[in-house]
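Asks: File follows, input_21.cif with mmCIF, C-alpha atoms and all ligand atoms:
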```cif
data_upload
loop_
_atom_site.label_atom_id
_atom_site.label_comp_id
_atom_site.auth_asym_id
_atom_site.auth_seq_id
_atom_site.Cartn_x
_atom_site.Cartn_y
_atom_site.Cartn_z
CA MET C 1 11.17 -9.29 13.67
CA ASP C 2 14.26 -7.74 15.22
CA ALA C 3 13.89 -7.59 19.01
CA ARG C 4 16.36 -4.72 19.35
CA THR C 5 15.18 -1.14 19.82
CA ASN C 6 15.02 0.84 16.60
CA ILE C 7 16.90 4.04 17.39
CA LEU C 8 14.54 6.01 15.13
CA GLY C 9 11.79 5.58 17.72
CA ILE C 10 13.45 7.12 20.77
CA THR C 11 14.61 10.53 21.92
CA ARG C 12 18.27 11.21 22.63
CA LYS C 13 17.54 11.36 26.34
CA ASN C 14 15.92 7.93 26.30
CA PHE C 15 18.67 6.57 24.10
CA GLU C 16 21.29 7.60 26.64
CA ALA C 17 19.24 6.24 29.52
CA LEU C 18 18.69 2.87 27.78
CA ALA C 19 22.29 2.67 26.56
CA ASP C 20 23.41 3.00 30.16
CA LEU C 21 27.10 3.17 29.32
CA GLY C 22 28.04 5.17 32.38
CA PRO C 23 29.44 8.70 32.64
CA GLY C 24 31.56 10.34 29.96
CA ARG C 25 29.84 8.74 26.96
CA SER C 26 27.26 11.42 26.27
CA ARG C 27 29.20 13.04 23.42
CA ALA C 28 29.75 9.75 21.62
CA LEU C 29 26.12 8.74 22.05
CA GLY C 30 25.01 12.16 20.79
CA PHE C 31 27.13 11.70 17.67
CA LEU C 32 25.64 8.25 17.11
CA TYR C 33 22.12 9.59 17.60
CA LYS C 34 22.58 12.45 15.15
CA ALA C 35 24.12 10.21 12.49
CA ALA C 36 21.15 7.86 12.75
CA PHE C 37 18.61 10.56 11.90
CA ARG C 38 20.65 12.70 9.52
CA GLU C 39 22.61 9.99 7.68
CA GLY C 40 20.67 6.80 8.34
CA ARG C 41 23.75 5.23 9.98
CA PHE C 42 24.04 3.39 13.26
CA GLU C 43 27.67 2.35 13.59
CA PRO C 44 28.84 2.20 17.21
CA GLU C 45 32.02 0.41 16.12
CA GLY C 46 33.31 3.63 14.57
CA LEU C 47 33.04 5.55 17.83
CA ALA C 48 35.76 6.33 20.36
CA ILE C 49 34.34 3.84 22.84
CA SER C 50 35.49 0.43 23.91
CA ARG C 51 34.77 -2.61 21.78
CA GLU C 52 32.71 -3.97 24.64
CA ALA C 53 30.54 -0.81 24.82
CA ALA C 54 30.06 -0.84 21.03
CA GLY C 55 29.05 -4.50 21.18
CA SER C 56 26.60 -3.75 23.94
CA LEU C 57 24.98 -1.01 21.84
CA CYS C 58 24.79 -3.23 18.76
CA SER C 59 23.14 -5.99 20.75
CA ARG C 60 20.39 -3.70 22.00
CA PHE C 61 19.82 -1.11 19.26
CA HIS C 62 19.57 -1.09 15.51
CA LEU C 63 18.38 1.18 12.75
CA ALA C 64 15.64 -0.19 10.52
CA LEU C 65 14.28 1.64 7.51
CA PRO C 66 11.37 0.43 5.40
CA GLN C 67 11.94 -0.83 1.90
CA LEU C 68 11.22 1.69 -0.81
CA VAL C 69 8.91 -0.14 -3.21
CA GLU C 70 7.74 2.51 -5.63
CA VAL C 71 7.58 6.24 -6.18
CA VAL C 72 5.08 7.91 -8.47
CA GLU C 73 5.18 11.58 -9.33
CA GLU C 74 2.97 14.21 -10.84
CA GLU C 75 4.00 17.67 -11.98
CA GLY C 76 1.86 20.60 -10.92
CA GLU C 77 1.99 24.37 -10.82
CA LEU C 78 3.86 24.43 -7.52
CA GLY C 79 6.20 21.54 -8.16
CA THR C 80 6.20 17.78 -7.99
CA THR C 81 3.72 15.86 -5.88
CA ALA C 82 5.08 12.40 -5.19
CA LYS C 83 3.85 9.34 -3.39
CA ALA C 84 6.23 6.77 -1.92
CA LEU C 85 5.09 3.24 -1.27
CA LEU C 86 7.04 1.68 1.60
CA ARG C 87 7.20 -1.91 2.80
CA LEU C 88 7.68 -2.46 6.52
CA GLU C 89 9.58 -5.22 8.25
CA ASP C 90 6.48 -7.47 8.51
CA GLY C 91 5.56 -6.95 4.85
CA ALA C 92 2.78 -4.41 5.51
CA CYS C 93 2.76 -1.44 3.14
CA ILE C 94 2.18 2.22 3.84
CA GLU C 95 2.39 5.39 1.83
CA CYS C 96 3.66 8.90 2.42
CA VAL C 97 3.25 11.87 0.14
CA ARG C 98 5.44 14.82 -0.71
CA ILE C 99 3.32 17.90 -1.28
CA PRO C 100 5.09 20.95 -2.72
CA VAL C 101 4.61 24.21 -0.88
CA PRO C 102 5.83 27.54 -2.21
CA HIS C 103 8.42 29.12 0.05
CA ARG C 104 7.18 32.49 1.23
CA GLY C 105 9.24 35.32 -0.21
CA SER C 106 12.06 33.55 -2.00
CA GLY C 107 9.83 31.65 -4.39
CA SER C 108 11.91 28.49 -4.08
CA ALA C 109 9.93 25.35 -3.45
CA THR C 110 9.94 23.35 -0.27
CA ALA C 111 7.67 20.48 0.67
CA THR C 112 5.40 19.03 3.30
CA LEU C 113 5.55 15.32 4.00
CA CYS C 114 2.19 13.72 4.67
CA LEU C 115 2.86 10.85 7.10
CA SER C 116 0.96 7.65 7.79
CA SER C 117 0.33 6.65 11.39
CA GLN C 118 -1.41 3.29 10.90
CA VAL C 119 -1.59 0.45 8.41
CA GLY C 120 -5.18 1.02 7.32
CA CYS C 121 -7.68 2.83 9.52
CA ARG C 122 -10.78 1.91 11.49
CA MET C 123 -12.56 5.26 11.19
CA ALA C 124 -14.33 4.13 8.00
CA CYS C 125 -14.90 7.58 6.48
CA ALA C 126 -17.12 7.00 3.44
CA PHE C 127 -14.98 9.02 1.02
CA CYS C 128 -11.66 7.43 2.01
CA GLU C 129 -9.73 4.63 0.34
CA THR C 130 -7.77 3.83 3.50
CA GLY C 131 -10.93 3.60 5.57
CA ARG C 132 -12.30 0.85 3.34
CA SER C 133 -9.43 -1.47 4.20
CA GLY C 134 -10.06 -1.33 7.97
CA LEU C 135 -7.25 -1.24 10.49
CA THR C 136 -4.45 -3.78 10.12
CA ARG C 137 -2.19 -2.43 12.83
CA ASN C 138 -0.70 0.64 14.41
CA LEU C 139 2.69 1.91 13.30
CA SER C 140 5.44 2.15 15.88
CA ALA C 141 7.03 5.54 16.56
CA ALA C 142 10.12 4.34 14.68
CA GLU C 143 8.02 3.40 11.63
CA ILE C 144 6.43 6.86 11.63
CA VAL C 145 9.78 8.65 11.88
CA ALA C 146 11.43 6.32 9.35
CA GLN C 147 9.12 7.65 6.62
CA LEU C 148 10.87 11.01 6.85
CA VAL C 149 14.36 9.57 7.16
CA ILE C 150 14.04 7.33 4.11
CA VAL C 151 12.54 9.91 1.75
CA ARG C 152 15.23 12.40 2.68
CA LEU C 153 18.07 9.93 2.31
CA LYS C 154 16.95 7.76 -0.59
CA LEU C 155 14.89 10.24 -2.60
CA GLY C 156 16.55 13.51 -1.60
CA TRP C 157 13.20 15.09 -0.76
CA ASP C 158 13.60 18.49 0.87
CA ILE C 159 11.03 18.37 3.65
CA SER C 160 10.33 21.38 5.83
CA ASN C 161 6.96 20.47 7.35
CA LEU C 162 5.21 17.35 8.50
CA VAL C 163 1.53 16.62 8.60
CA PHE C 164 -0.07 13.52 10.08
CA MET C 165 -2.67 13.14 7.38
CA GLY C 166 -1.69 9.98 5.55
CA MET C 167 -3.04 6.52 6.27
CA GLY C 168 -4.67 6.19 9.68
CA GLU C 169 -6.09 8.39 12.41
CA PRO C 170 -3.11 9.65 14.45
CA LEU C 171 -5.02 10.05 17.69
CA ASP C 172 -6.15 6.42 17.42
CA ASN C 173 -2.47 5.49 17.78
CA PHE C 174 -1.75 8.05 20.45
CA GLU C 175 1.25 6.56 22.27
CA ALA C 176 3.35 5.99 19.16
CA VAL C 177 2.39 9.33 17.63
CA ALA C 178 3.27 11.13 20.88
CA ILE C 179 6.71 9.49 20.92
CA SER C 180 7.25 10.32 17.25
CA LEU C 181 6.43 13.98 17.97
CA ALA C 182 9.09 14.03 20.69
CA VAL C 183 11.59 12.46 18.28
CA PHE C 184 10.80 14.90 15.44
CA LEU C 185 11.23 17.79 17.88
CA ASP C 186 14.46 16.49 19.43
CA SER C 187 17.16 19.04 18.60
CA SER C 188 19.84 16.33 18.90
CA GLY C 189 18.38 14.58 15.88
CA LEU C 190 15.80 15.95 13.45
CA GLY C 191 15.18 19.24 15.23
CA PHE C 192 11.79 20.28 13.84
CA ALA C 193 9.97 23.22 15.44
CA GLN C 194 6.49 22.62 16.81
CA GLU C 195 5.10 25.06 14.22
CA ASP C 196 6.39 22.77 11.47
CA LEU C 197 4.22 19.87 12.61
CA THR C 198 0.48 19.46 12.09
CA LEU C 199 -1.67 16.75 13.48
CA CYS C 200 -4.86 16.13 11.55
CA THR C 201 -7.68 14.29 13.25
CA VAL C 202 -11.26 13.26 12.63
CA GLY C 203 -11.81 14.64 16.11
CA LEU C 204 -11.33 11.94 18.74
CA ASP C 205 -11.99 14.10 21.78
CA SER C 206 -10.08 11.91 24.24
CA GLY C 207 -7.08 12.09 21.89
CA ILE C 208 -7.33 15.88 21.62
CA ARG C 209 -7.41 16.02 25.43
CA ARG C 210 -4.34 13.80 25.70
CA LEU C 211 -2.55 15.83 23.04
CA ARG C 212 -3.27 18.97 25.04
CA GLY C 213 -1.83 17.19 28.06
CA LEU C 214 1.55 16.85 26.30
CA GLY C 215 1.94 20.58 26.83
CA TYR C 216 3.02 21.61 23.33
CA LYS C 217 1.97 25.21 22.93
CA ARG C 218 2.80 25.69 19.27
CA LEU C 219 1.87 22.39 17.66
CA ASN C 220 -0.62 22.81 14.81
CA LEU C 221 -3.91 20.97 14.87
CA SER C 222 -6.36 20.45 12.07
CA VAL C 223 -9.66 18.65 11.99
CA SER C 224 -11.49 16.88 9.20
CA LEU C 225 -14.94 18.43 9.29
CA ASN C 226 -16.40 17.59 5.88
CA ALA C 227 -20.01 18.27 6.86
CA PRO C 228 -22.12 21.19 8.00
CA ASP C 229 -24.28 19.23 10.46
CA ASP C 230 -24.46 15.98 12.41
CA LEU C 231 -26.75 14.26 9.94
CA VAL C 232 -24.41 14.65 6.99
CA ARG C 233 -21.29 14.12 9.08
CA THR C 234 -22.56 10.86 10.53
CA ALA C 235 -23.30 9.62 7.01
CA LEU C 236 -19.79 10.50 5.84
CA MET C 237 -17.83 9.90 9.03
CA PRO C 238 -19.14 7.25 11.45
CA VAL C 239 -16.94 8.68 14.23
CA ASN C 240 -19.56 11.42 14.49
CA THR C 241 -21.88 9.06 16.36
CA ALA C 242 -19.31 8.90 19.16
CA VAL C 243 -18.18 12.54 19.04
CA ASP C 244 -20.85 14.83 17.60
CA LEU C 245 -20.13 18.32 16.32
CA ALA C 246 -21.01 20.03 19.60
CA SER C 247 -18.58 17.83 21.58
CA LEU C 248 -15.92 18.21 18.89
CA ALA C 249 -16.21 22.00 18.90
CA GLU C 250 -15.96 21.98 22.68
CA SER C 251 -12.76 19.93 22.77
CA LEU C 252 -11.19 22.00 19.95
CA ALA C 253 -12.00 25.23 21.77
CA ARG C 254 -9.92 23.97 24.71
CA TYR C 255 -6.87 23.30 22.54
CA PRO C 256 -4.15 25.94 23.12
CA GLN C 257 -4.73 28.75 20.64
CA ARG C 258 -1.53 30.79 20.67
CA LYS C 259 -1.51 34.28 19.20
CA ASN C 260 -0.94 33.23 15.59
CA PHE C 261 -2.69 29.86 15.87
CA ALA C 262 -5.18 28.96 13.17
CA LEU C 263 -7.25 25.84 13.60
CA GLY C 264 -7.09 23.99 10.29
CA VAL C 265 -10.49 22.76 9.18
CA ASN C 266 -10.46 20.38 6.26
CA TYR C 267 -13.55 20.32 4.13
CA CYS C 268 -13.62 17.90 1.26
CA LEU C 269 -16.31 19.24 -1.05
CA ILE C 270 -18.57 16.55 -2.49
CA PRO C 271 -21.26 18.08 -4.72
CA GLY C 272 -24.78 17.14 -3.67
CA LEU C 273 -23.60 15.73 -0.35
CA ASN C 274 -22.09 18.52 1.72
CA ASP C 275 -22.57 21.73 -0.27
CA GLY C 276 -26.34 22.19 0.04
CA PRO C 277 -28.26 25.25 1.23
CA GLY C 278 -27.14 26.20 4.71
CA ALA C 279 -23.85 24.29 4.45
CA ALA C 280 -21.67 27.41 4.67
CA GLU C 281 -23.76 28.66 7.60
CA GLY C 282 -23.37 25.28 9.32
CA ILE C 283 -19.61 25.52 8.99
CA ALA C 284 -19.66 29.08 10.32
CA ALA C 285 -21.69 27.98 13.35
CA PHE C 286 -19.22 25.17 14.06
CA LEU C 287 -16.23 27.49 13.77
CA ALA C 288 -17.82 30.02 16.10
CA LYS C 289 -17.83 27.35 18.81
CA ALA C 290 -14.52 25.63 17.98
CA ALA C 291 -12.06 28.49 17.56
CA LEU C 292 -11.48 32.03 18.67
CA PRO C 293 -12.79 34.60 16.15
CA GLY C 294 -10.59 34.69 13.07
CA ARG C 295 -8.48 31.74 14.26
CA ALA C 296 -9.75 29.10 11.86
CA LEU C 297 -8.74 28.42 8.30
CA VAL C 298 -10.91 26.22 6.12
CA ASN C 299 -8.95 24.11 3.65
CA LEU C 300 -11.38 23.54 0.83
CA ILE C 301 -10.45 20.28 -0.84
CA PRO C 302 -12.07 19.08 -4.06
CA TYR C 303 -13.37 15.53 -3.66
CA ASN C 304 -11.32 13.06 -5.60
CA PRO C 305 -13.43 10.02 -6.49
CA GLY C 306 -11.50 6.84 -5.72
CA SER C 307 -12.24 3.22 -6.54
CA GLU C 308 -15.69 3.35 -4.88
CA PRO C 309 -16.93 6.91 -5.36
CA VAL C 310 -19.57 8.36 -3.06
CA GLY C 311 -20.07 11.28 -5.44
CA ARG C 312 -18.33 13.16 -8.19
CA ALA C 313 -15.51 15.68 -8.19
CA PRO C 314 -16.69 19.29 -7.93
CA ARG C 315 -16.39 21.54 -10.95
CA ALA C 316 -14.26 24.65 -10.68
CA GLU C 317 -17.33 26.89 -10.62
CA GLU C 318 -18.84 24.86 -7.77
CA LEU C 319 -15.67 25.29 -5.74
CA ASP C 320 -15.63 29.01 -6.57
CA ALA C 321 -19.23 29.38 -5.44
CA PHE C 322 -18.72 27.50 -2.16
CA GLU C 323 -15.55 29.45 -1.41
CA ALA C 324 -17.44 32.71 -2.00
CA ARG C 325 -20.26 31.60 0.33
CA LEU C 326 -17.74 30.92 3.10
CA LYS C 327 -15.90 34.17 2.54
CA ASP C 328 -19.16 36.12 2.62
CA LEU C 329 -19.57 34.79 6.16
CA GLY C 330 -16.14 36.10 7.11
CA ILE C 331 -14.44 32.69 7.04
CA GLN C 332 -10.82 32.42 5.94
CA VAL C 333 -10.55 29.87 3.15
CA LYS C 334 -7.62 28.27 1.42
CA ARG C 335 -8.31 26.35 -1.76
CA ARG C 336 -6.33 23.17 -1.99
CA ALA C 337 -5.29 22.63 -5.58
CA PRO C 338 -6.23 19.15 -6.73
CA ARG C 339 -2.63 18.01 -6.63
CA GLY C 340 -1.93 14.34 -6.88
CA LEU C 341 -5.18 13.41 -8.55
CA SER C 342 -3.69 10.92 -10.95
CA LEU C 343 -1.50 9.50 -8.18
CA MET C 344 -4.40 8.80 -5.87
CA ALA C 345 -2.34 10.87 -3.47
CA ALA C 346 -4.97 13.44 -2.66
CA CYS C 347 -6.81 13.60 0.64
CA GLY C 348 -8.40 10.32 1.64
CA GLN C 349 -6.92 8.50 -1.31
CA LEU C 350 -4.07 6.58 0.23
CA GLY C 351 -4.25 2.86 0.56
CA GLY C 352 -5.71 1.69 -2.76
CA LYS C 353 -2.33 1.16 -4.34
CA VAL C 354 -1.13 -0.75 -1.32
CA ARG C 355 -3.90 -3.26 -1.64
CA ALA C 356 -3.48 -3.53 -5.38
CA ASN C 357 0.27 -3.99 -5.25
CA PRO C 358 1.32 -5.47 -1.91
S1 LIG P 401 -10.07 9.99 6.18
FE1 LIG P 401 -8.47 9.60 7.70
S2 LIG P 401 -9.60 8.99 9.54
FE2 LIG P 401 -11.05 8.79 7.84
S3 LIG P 401 -10.88 6.62 7.23
FE3 LIG P 401 -9.45 7.84 5.97
S4 LIG P 401 -7.48 7.68 7.01
FE4 LIG P 401 -9.08 7.09 8.47
#
```
As structure tokens, please, write out the structure in this file.
Ligand code: SF4

Replies:
Amino acid sequence: MDARTNILGITRKNFEALADLGPGRSRALGFLYKAAFREGRFEPEGLAISREAAGSLCSRFHLALPQLVEVVEEEGELGTTAKALLRLEDGACIECVRIPVPHRGSGSATATLCLSSQVGCRMACAFCETGRSGLTRNLSAAEIVAQLVIVRLKLGWDISNLVFMGMGEPLDNFEAVAISLAVFLDSSGLGFAQEDLTLCTVGLDSGIRRLRGLGYKRLNLSVSLNAPDDLVRTALMPVNTAVDLASLAESLARYPQRKNFALGVNYCLIPGLNDGPGAAEGIAAFLAKAALPGRALVNLIPYNPGSEPVGRAPRAEELDAFEARLKDLGIQVKRRAPRGLSLMAACGQLGGKVRANP
């Protein structure tokens, strides 16, 4: 492993502080920083600085991108869903997914990149491929950011939004995820707006508290609910024994809810498991405690059976009926089209390919 600092994992301010080249070098370092994120280049030798200063930078910093192993694509109504398999420096593999999103107004397509934050995951959600593999290790901030840089540079993916919803639980790798947020938001490099970033969690309350402590007022948050009550949620998501629905709703209610904030609530519909009588009412009761009135949006996601199914995929009429039940209770619902089914790129489906093809 390279002992030098990967520039993709630090903010411009920290880069300048660590570079410590003395006064008058800020412009050159800013140029170097921008080129790293926008062009995937780290070439201090080409800068208008002394050979000694360039050598010093090269000895302490580098730019490492993962190896692009495979890309699989699937055409859908909104565009191409694609999954990239990446190999990291130590040989571990992760995946990130390009999800097409229609551009409001113009009709031209843009995309969200679903990022991984860990190799594997220790949350062990019953419906999730990644959860079955357990946690191998956390990703570094640079490895998180590098997913965006490589798909833009090598695959030409036009990414406008980022969501931490790939492999891993982002709040279980808080430090690295927090640094990666700062890097994504750094206007000297990638320059995303807070509104363009969404962190999706199973609901680790200490992590939500720490995230709140970072002071971002416009960062989006979504939670994987997937159950109407503690009994069902504990069966599907073991984390519920540590943070039950009441505690989760309490910590979500304290998250900054700006004027146009909508708490994302992901609900993966598994017929016979989480769509029974009272399920819609259970969700409504949770939302009433977790978000201000009208400030929650339920993403209804059809279950996509993986290699070890816990149920079957819902039929269209079952999804229609559940959506109608939620809407009758005044809940805003967005139906997630079953994009990426054949790619195993849908929610909770990352990780199988990694194990099968390391
Ligand atoms: S759904 Fe998310 S949190 Fe749960 S096991 Fe899978 S990757 Fe981990």

Asks: Nearest to Lys289 of chain C: which of C:Lys259, C:Lys154, C:Lys217, C:Arg254 is it, counting only C-alpha atoms?

Replies: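 Smallest distance to Lys289 of chain C is found for C:Arg254.
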
Asks: Quick one: distance from atom FE1 of ligand LIG 401 (chain P) to atom CA of Ile283 of chain C in Å, one decimal?

Replies: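 About the pair atom FE1 of ligand LIG 401 (chain P) and atom CA of Ile283 of chain C: they are 19.5 Å apart.
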
Asks: Do a neighbour search on Gly189 of chain C at 10 Å with only C-alpha atoms, toss out local chain neighbours closer than 5 positions, and write the hits as a VMD selection string.

Replies: chain C and resid 8 11 to 12 30 to 38 183 to 184

Asks: Could you save those same residues with C-alpha atoms as a PDB file, keeping the file's coordinate frame?

Replies:
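Saved to result-v9.pdb:
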```
ATOM      1  CA  LEU C   8      14.540   6.010  15.130  1.00  0.00           C
ATOM      2  CA  THR C  11      14.610  10.530  21.920  1.00  0.00           C
ATOM      3  CA  ARG C  12      18.270  11.210  22.630  1.00  0.00           C
ATOM      4  CA  GLY C  30      25.010  12.160  20.790  1.00  0.00           C
ATOM      5  CA  PHE C  31      27.130  11.700  17.670  1.00  0.00           C
ATOM      6  CA  LEU C  32      25.640   8.250  17.110  1.00  0.00           C
ATOM      7  CA  TYR C  33      22.120   9.590  17.600  1.00  0.00           C
ATOM      8  CA  LYS C  34      22.580  12.450  15.150  1.00  0.00           C
ATOM      9  CA  ALA C  35      24.120  10.210  12.490  1.00  0.00           C
ATOM     10  CA  ALA C  36      21.150   7.860  12.750  1.00  0.00           C
ATOM     11  CA  PHE C  37      18.610  10.560  11.900  1.00  0.00           C
ATOM     12  CA  ARG C  38      20.650  12.700   9.520  1.00  0.00           C
ATOM     13  CA  VAL C 183      11.590  12.460  18.280  1.00  0.00           C
ATOM     14  CA  PHE C 184      10.800  14.900  15.440  1.00  0.00           C
TER      15      PHE C 184
END
```

Asks: Could you list, as a PDB file with C-alpha atoms, in the frame of the given file, all the residues within 10 Å of ligand LIG 401 (chain P), counting all atoms listed in the file?

Replies:
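File produced: result05.pdb:
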```
ATOM      1  CA  SER C 116       0.960   7.650   7.790  1.00  0.00           C
ATOM      2  CA  SER C 117       0.330   6.650  11.390  1.00  0.00           C
ATOM      3  CA  GLN C 118      -1.410   3.290  10.900  1.00  0.00           C
ATOM      4  CA  VAL C 119      -1.590   0.450   8.410  1.00  0.00           C
ATOM      5  CA  GLY C 120      -5.180   1.020   7.320  1.00  0.00           C
ATOM      6  CA  CYS C 121      -7.680   2.830   9.520  1.00  0.00           C
ATOM      7  CA  ARG C 122     -10.780   1.910  11.490  1.00  0.00           C
ATOM      8  CA  MET C 123     -12.560   5.260  11.190  1.00  0.00           C
ATOM      9  CA  ALA C 124     -14.330   4.130   8.000  1.00  0.00           C
ATOM     10  CA  CYS C 125     -14.900   7.580   6.480  1.00  0.00           C
ATOM     11  CA  ALA C 126     -17.120   7.000   3.440  1.00  0.00           C
ATOM     12  CA  PHE C 127     -14.980   9.020   1.020  1.00  0.00           C
ATOM     13  CA  CYS C 128     -11.660   7.430   2.010  1.00  0.00           C
ATOM     14  CA  GLU C 129      -9.730   4.630   0.340  1.00  0.00           C
ATOM     15  CA  THR C 130      -7.770   3.830   3.500  1.00  0.00           C
ATOM     16  CA  GLY C 131     -10.930   3.600   5.570  1.00  0.00           C
ATOM     17  CA  ARG C 132     -12.300   0.850   3.340  1.00  0.00           C
ATOM     18  CA  SER C 133      -9.430  -1.470   4.200  1.00  0.00           C
ATOM     19  CA  GLY C 134     -10.060  -1.330   7.970  1.00  0.00           C
ATOM     20  CA  LEU C 135      -7.250  -1.240  10.490  1.00  0.00           C
ATOM     21  CA  PHE C 164      -0.070  13.520  10.080  1.00  0.00           C
ATOM     22  CA  MET C 165      -2.670  13.140   7.380  1.00  0.00           C
ATOM     23  CA  GLY C 166      -1.690   9.980   5.550  1.00  0.00           C
ATOM     24  CA  MET C 167      -3.040   6.520   6.270  1.00  0.00           C
ATOM     25  CA  GLY C 168      -4.670   6.190   9.680  1.00  0.00           C
ATOM     26  CA  GLU C 169      -6.090   8.390  12.410  1.00  0.00           C
ATOM     27  CA  PRO C 170      -3.110   9.650  14.450  1.00  0.00           C
ATOM     28  CA  LEU C 171      -5.020  10.050  17.690  1.00  0.00           C
ATOM     29  CA  ASP C 172      -6.150   6.420  17.420  1.00  0.00           C
ATOM     30  CA  CYS C 200      -4.860  16.130  11.550  1.00  0.00           C
ATOM     31  CA  THR C 201      -7.680  14.290  13.250  1.00  0.00           C
ATOM     32  CA  VAL C 202     -11.260  13.260  12.630  1.00  0.00           C
ATOM     33  CA  GLY C 203     -11.810  14.640  16.110  1.00  0.00           C
ATOM     34  CA  LEU C 204     -11.330  11.940  18.740  1.00  0.00           C
ATOM     35  CA  VAL C 223      -9.660  18.650  11.990  1.00  0.00           C
ATOM     36  CA  SER C 224     -11.490  16.880   9.200  1.00  0.00           C
ATOM     37  CA  ASN C 226     -16.400  17.590   5.880  1.00  0.00           C
ATOM     38  CA  LEU C 236     -19.790  10.500   5.840  1.00  0.00           C
ATOM     39  CA  MET C 237     -17.830   9.900   9.030  1.00  0.00           C
ATOM     40  CA  PRO C 238     -19.140   7.250  11.450  1.00  0.00           C
ATOM     41  CA  VAL C 239     -16.940   8.680  14.230  1.00  0.00           C
ATOM     42  CA  CYS C 268     -13.620  17.900   1.260  1.00  0.00           C
ATOM     43  CA  CYS C 347      -6.810  13.600   0.640  1.00  0.00           C
ATOM     44  CA  GLY C 348      -8.400  10.320   1.640  1.00  0.00           C
ATOM     45  CA  GLN C 349      -6.920   8.500  -1.310  1.00  0.00           C
ATOM     46  CA  LEU C 350      -4.070   6.580   0.230  1.00  0.00           C
ATOM     47  CA  GLY C 351      -4.250   2.860   0.560  1.00  0.00           C
TER      48      GLY C 351
END
```

Asks: To one decimal in Å, tell me the separation between atom CA of Ile99 of chain C and atom CA of Leu300 of chain C.

Replies: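 Between atom CA of Ile99 of chain C and atom CA of Leu300 of chain C the gap works out to 15.9 Å.
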
Asks: For atom CA of Ala246 of chain C and atom CA of Ala285 of chain C, determine how far apart the two atoms are, in Å to one decimal place.

Replies: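 These two atoms are separated by 10.1 Å.
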
Asks: Which residues are near Ala53 of chain C? Cut-off 10 Å, only C-alpha atoms, ignore same chain within fewer than 5 positions. Put them as an MDAnalysis selection string.

Replies: chainID C and resid 19:22 25 44:45 47:48 58:59

Asks: Take the point (-21.5, 15.7, 16.7) in the file's coordinates, draw a sphere of radius 12 Å around it, and report as a PyMOL selection string every protein, DNA or RNA residue with an atom inside or on it, counting all atoms listed in the file.

Replies: chain C and resi 202-205+225+227-235+237-251+286

Asks: Generate a file of the selected residues that holds C-alpha atoms, formatted as a PDB file, keeping the file's coordinate frame.

Replies:
```pdb
ATOM      1  CA  VAL C 202     -11.260  13.260  12.630  1.00  0.00           C
ATOM      2  CA  GLY C 203     -11.810  14.640  16.110  1.00  0.00           C
ATOM      3  CA  LEU C 204     -11.330  11.940  18.740  1.00  0.00           C
ATOM      4  CA  ASP C 205     -11.990  14.100  21.780  1.00  0.00           C
ATOM      5  CA  LEU C 225     -14.940  18.430   9.290  1.00  0.00           C
ATOM      6  CA  ALA C 227     -20.010  18.270   6.860  1.00  0.00           C
ATOM      7  CA  PRO C 228     -22.120  21.190   8.000  1.00  0.00           C
ATOM      8  CA  ASP C 229     -24.280  19.230  10.460  1.00  0.00           C
ATOM      9  CA  ASP C 230     -24.460  15.980  12.410  1.00  0.00           C
ATOM     10  CA  LEU C 231     -26.750  14.260   9.940  1.00  0.00           C
ATOM     11  CA  VAL C 232     -24.410  14.650   6.990  1.00  0.00           C
ATOM     12  CA  ARG C 233     -21.290  14.120   9.080  1.00  0.00           C
ATOM     13  CA  THR C 234     -22.560  10.860  10.530  1.00  0.00           C
ATOM     14  CA  ALA C 235     -23.300   9.620   7.010  1.00  0.00           C
ATOM     15  CA  MET C 237     -17.830   9.900   9.030  1.00  0.00           C
ATOM     16  CA  PRO C 238     -19.140   7.250  11.450  1.00  0.00           C
ATOM     17  CA  VAL C 239     -16.940   8.680  14.230  1.00  0.00           C
ATOM     18  CA  ASN C 240     -19.560  11.420  14.490  1.00  0.00           C
ATOM     19  CA  THR C 241     -21.880   9.060  16.360  1.00  0.00           C
ATOM     20  CA  ALA C 242     -19.310   8.900  19.160  1.00  0.00           C
ATOM     21  CA  VAL C 243     -18.180  12.540  19.040  1.00  0.00           C
ATOM     22  CA  ASP C 244     -20.850  14.830  17.600  1.00  0.00           C
ATOM     23  CA  LEU C 245     -20.130  18.320  16.320  1.00  0.00           C
ATOM     24  CA  ALA C 246     -21.010  20.030  19.600  1.00  0.00           C
ATOM     25  CA  SER C 247     -18.580  17.830  21.580  1.00  0.00           C
ATOM     26  CA  LEU C 248     -15.920  18.210  18.890  1.00  0.00           C
ATOM     27  CA  ALA C 249     -16.210  22.000  18.900  1.00  0.00           C
ATOM     28  CA  GLU C 250     -15.960  21.980  22.680  1.00  0.00           C
ATOM     29  CA  SER C 251     -12.760  19.930  22.770  1.00  0.00           C
ATOM     30  CA  PHE C 286     -19.220  25.170  14.060  1.00  0.00           C
TER      31      PHE C 286
END
```

Asks: Would you mind telling me which residue in C:Gly76, C:Leu139, C:Gly311, C:Ala321 lies nearest to Asp90 of chain C when using all atoms listed in the file?

Replies: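 Under the stated criterion, the closest residue is C:Leu139.
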
Asks: May I have the residues within 10 Å of Leu68 of chain C as a list of chain:residue names, using all atoms listed in the file and disregarding those fewer than 3 positions away in the same chain?

Replies: C:Leu65, C:Val71, C:Ala84, C:Leu85, C:Leu86, C:Arg87, C:Leu88, C:Cys93, C:Glu95, C:Gln147, C:Ile150, C:Val151, C:Lys154, C:Leu155

Asks: Could you check the closest approach to Gln67 of chain C for each of C:Ala193, C:Ala279, C:Leu115, C:Ala146 and tell me which residue wins, using all atoms listed in the file?

Replies: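 For Gln67 of chain C, the nearest of the given residues is C:Ala146.
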
Asks: Under the rule that only C-alpha atoms are counted, which of C:Leu319, C:Leu326, C:Leu29, C:Ala296 is the nearest residue to Ser222 of chain C?

Replies: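 Checking each candidate against Ser222 of chain C, we get C:Ala296 as the closest.
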